[in-house]
Amino acid sequence: MLERRSPSSHDDLIDHLVRSTALQRGEAARVVLDVLAYFDETYEEFVRRRHRELQSGGLVNAEIFERISAELPHRAVAPPELSLRQLRRIVYG
């Protein structure tokens, strides 16, 4: 007996990406999962990740925390407004 694959909750989106781009089904599924993981990130995780990325790009903390502060309101689900001190505490405890 053949096992039937149960459709994922994202099959419609994956099908759309396959039809509207040059992506193969496996690639489209990976893109969907990557995007969902990106938006599943808490704002604390986002702050820590962006701090690491910007620091590795050569920016200093004053620039980093200003940039993160400007980016946070544009997240899919914006966190409450955080002061620069609160951002530093997220990164350094």
# chains A, B, ... in the order shown; residues from 1 in each chain; ligands from 1
call {"tool": "closest_atom_pairs", "arguments": {"of": "range 8-66 of chain A", "to": "range 84-93 of chain A", "cutoff": "9 Å", "atoms": "only C-alpha atoms", "output": "tab-separated table"}}
result
residue	atom	partner	partner_atom	distance
A:Glu44	CA	A:Ile90	CA	6.2
A:Glu45	CA	A:Ile90	CA	8.7
A:Val47	CA	A:Val91	CA	7.1
A:Arg48	CA	A:Val91	CA	5.4
A:His51	CA	A:Val91	CA	7.5
A:Asn61	CA	A:Arg88	CA	8.7
A:Ala62	CA	A:Leu84	CA	8.9
A:Phe65	CA	A:Leu84	CA	6.2
A:Glu66	CA	A:Leu84	CA	7.3
call {"tool": "select_by_dssp", "arguments": {"residues": "chain A", "states": "helix (DSSP H, G or I)", "output": "ChimeraX atom specification"}}
result
/A:11-20,25-40,43-56,61-74,84-92
call {"tool": "residues_around", "arguments": {"residues": "Thr42 in chain A", "least_positions_apart": "6", "cutoff": "12 Å", "atoms": "only C-alpha atoms", "output": "PyMOL selection string"}}
result
chain A and resi 48-49+72+75-79+90
call {"tool": "write_last_selection", "arguments": {"atoms": "all heavy atoms", "output": "PDB file, in the first residue's frame"}}
result
ATOM      1  N   ARG A  48      20.085  40.170  19.528  1.00  0.00           N
ATOM      2  CA  ARG A  48      21.390  39.485  19.675  1.00  0.00           C
ATOM      3  C   ARG A  48      21.996  39.145  18.309  1.00  0.00           C
ATOM      4  O   ARG A  48      23.190  39.335  18.085  1.00  0.00           O
ATOM      5  CB  ARG A  48      21.223  38.231  20.518  1.00  0.00           C
ATOM      6  CG  ARG A  48      20.947  38.524  21.971  1.00  0.00           C
ATOM      7  CD  ARG A  48      20.877  37.241  22.814  1.00  0.00           C
ATOM      8  NE  ARG A  48      20.264  37.540  24.087  1.00  0.00           N
ATOM      9  CZ  ARG A  48      19.022  37.211  24.426  1.00  0.00           C
ATOM     10  NH1 ARG A  48      18.261  36.511  23.604  1.00  0.00           N
ATOM     11  NH2 ARG A  48      18.532  37.553  25.601  1.00  0.00           N
ATOM     12  N   ARG A  49      21.172  38.631  17.391  1.00  0.00           N
ATOM     13  CA  ARG A  49      21.673  38.260  16.072  1.00  0.00           C
ATOM     14  C   ARG A  49      22.169  39.486  15.311  1.00  0.00           C
ATOM     15  O   ARG A  49      23.262  39.488  14.750  1.00  0.00           O
ATOM     16  CB  ARG A  49      20.578  37.541  15.263  1.00  0.00           C
ATOM     17  CG  ARG A  49      21.025  37.192  13.833  1.00  0.00           C
ATOM     18  CD  ARG A  49      19.938  36.474  13.050  1.00  0.00           C
ATOM     19  NE  ARG A  49      18.705  37.207  12.917  1.00  0.00           N
ATOM     20  CZ  ARG A  49      18.491  38.204  12.049  1.00  0.00           C
ATOM     21  NH1 ARG A  49      19.464  38.607  11.243  1.00  0.00           N
ATOM     22  NH2 ARG A  49      17.312  38.797  11.983  1.00  0.00           N
ATOM     23  N   LEU A  72      13.879  47.753  14.679  1.00  0.00           N
ATOM     24  CA  LEU A  72      12.864  47.008  15.432  1.00  0.00           C
ATOM     25  C   LEU A  72      11.423  47.369  15.075  1.00  0.00           C
ATOM     26  O   LEU A  72      10.593  46.465  14.938  1.00  0.00           O
ATOM     27  CB  LEU A  72      13.093  47.168  16.937  1.00  0.00           C
ATOM     28  CG  LEU A  72      14.155  46.253  17.528  1.00  0.00           C
ATOM     29  CD1 LEU A  72      14.471  46.671  18.959  1.00  0.00           C
ATOM     30  CD2 LEU A  72      13.717  44.802  17.481  1.00  0.00           C
ATOM     31  N   ARG A  75       9.828  45.293  12.159  1.00  0.00           N
ATOM     32  CA  ARG A  75       9.655  43.840  12.214  1.00  0.00           C
ATOM     33  C   ARG A  75       8.182  43.516  11.970  1.00  0.00           C
ATOM     34  O   ARG A  75       7.304  44.360  12.169  1.00  0.00           O
ATOM     35  CB  ARG A  75      10.072  43.300  13.590  1.00  0.00           C
ATOM     36  CG  ARG A  75      11.523  43.513  13.955  1.00  0.00           C
ATOM     37  CD  ARG A  75      12.438  42.553  13.301  1.00  0.00           C
ATOM     38  NE  ARG A  75      12.141  41.198  13.771  1.00  0.00           N
ATOM     39  CZ  ARG A  75      12.547  40.114  13.168  1.00  0.00           C
ATOM     40  NH1 ARG A  75      13.265  40.187  12.085  1.00  0.00           N
ATOM     41  NH2 ARG A  75      12.254  38.934  13.634  1.00  0.00           N
ATOM     42  N   ALA A  76       7.901  42.286  11.554  1.00  0.00           N
ATOM     43  CA  ALA A  76       6.516  41.885  11.279  1.00  0.00           C
ATOM     44  C   ALA A  76       5.627  42.122  12.498  1.00  0.00           C
ATOM     45  O   ALA A  76       4.517  42.618  12.384  1.00  0.00           O
ATOM     46  CB  ALA A  76       6.463  40.423  10.858  1.00  0.00           C
ATOM     47  N   VAL A  77       6.122  41.771  13.664  1.00  0.00           N
ATOM     48  CA  VAL A  77       5.436  42.072  14.918  1.00  0.00           C
ATOM     49  C   VAL A  77       6.406  42.903  15.734  1.00  0.00           C
ATOM     50  O   VAL A  77       7.360  42.374  16.299  1.00  0.00           O
ATOM     51  CB  VAL A  77       5.034  40.791  15.681  1.00  0.00           C
ATOM     52  CG1 VAL A  77       4.373  41.138  17.000  1.00  0.00           C
ATOM     53  CG2 VAL A  77       4.120  39.923  14.833  1.00  0.00           C
ATOM     54  N   ALA A  78       6.178  44.185  15.748  1.00  0.00           N
ATOM     55  CA  ALA A  78       7.105  45.096  16.413  1.00  0.00           C
ATOM     56  C   ALA A  78       7.005  44.930  17.932  1.00  0.00           C
ATOM     57  O   ALA A  78       5.908  44.821  18.480  1.00  0.00           O
ATOM     58  CB  ALA A  78       6.804  46.531  16.024  1.00  0.00           C
ATOM     59  N   PRO A  79       8.152  44.899  18.603  1.00  0.00           N
ATOM     60  CA  PRO A  79       8.143  44.819  20.064  1.00  0.00           C
ATOM     61  C   PRO A  79       7.790  46.176  20.654  1.00  0.00           C
ATOM     62  O   PRO A  79       7.716  47.178  19.927  1.00  0.00           O
ATOM     63  CB  PRO A  79       9.592  44.439  20.388  1.00  0.00           C
ATOM     64  CG  PRO A  79      10.373  45.077  19.294  1.00  0.00           C
ATOM     65  CD  PRO A  79       9.493  44.947  18.068  1.00  0.00           C
ATOM     66  N   ILE A  90      19.798  43.314  26.718  1.00  0.00           N
ATOM     67  CA  ILE A  90      19.433  42.098  25.994  1.00  0.00           C
ATOM     68  C   ILE A  90      20.698  41.402  25.511  1.00  0.00           C
ATOM     69  O   ILE A  90      20.826  40.183  25.609  1.00  0.00           O
ATOM     70  CB  ILE A  90      18.489  42.404  24.814  1.00  0.00           C
ATOM     71  CG1 ILE A  90      17.113  42.818  25.326  1.00  0.00           C
ATOM     72  CG2 ILE A  90      18.377  41.211  23.863  1.00  0.00           C
ATOM     73  CD1 ILE A  90      16.163  43.341  24.256  1.00  0.00           C
TER      74      ILE A  90
END
call {"tool": "residues_around", "arguments": {"residues": "Gly26 in chain A", "least_positions_apart": "6", "cutoff": "12 Å", "atoms": "only C-alpha atoms", "output": "PyMOL selection string"}}
result
chain A and resi 11+14-15+17-18+32-33
call {"tool": "atom_distance", "arguments": {"atom1": "CA of Ser69 in chain A", "atom2": "CA of Leu82 in chain A"}}
result
7.3 Å
call {"tool": "atom_distance", "arguments": {"atom1": "CA of Gly57 in chain A", "atom2": "CA of Glu71 in chain A"}}
result
16.5 Å
call {"tool": "atom_distance", "arguments": {"atom1": "CA of Phe39 in chain A", "atom2": "CA of Ala70 in chain A"}}
result
17.4 Å
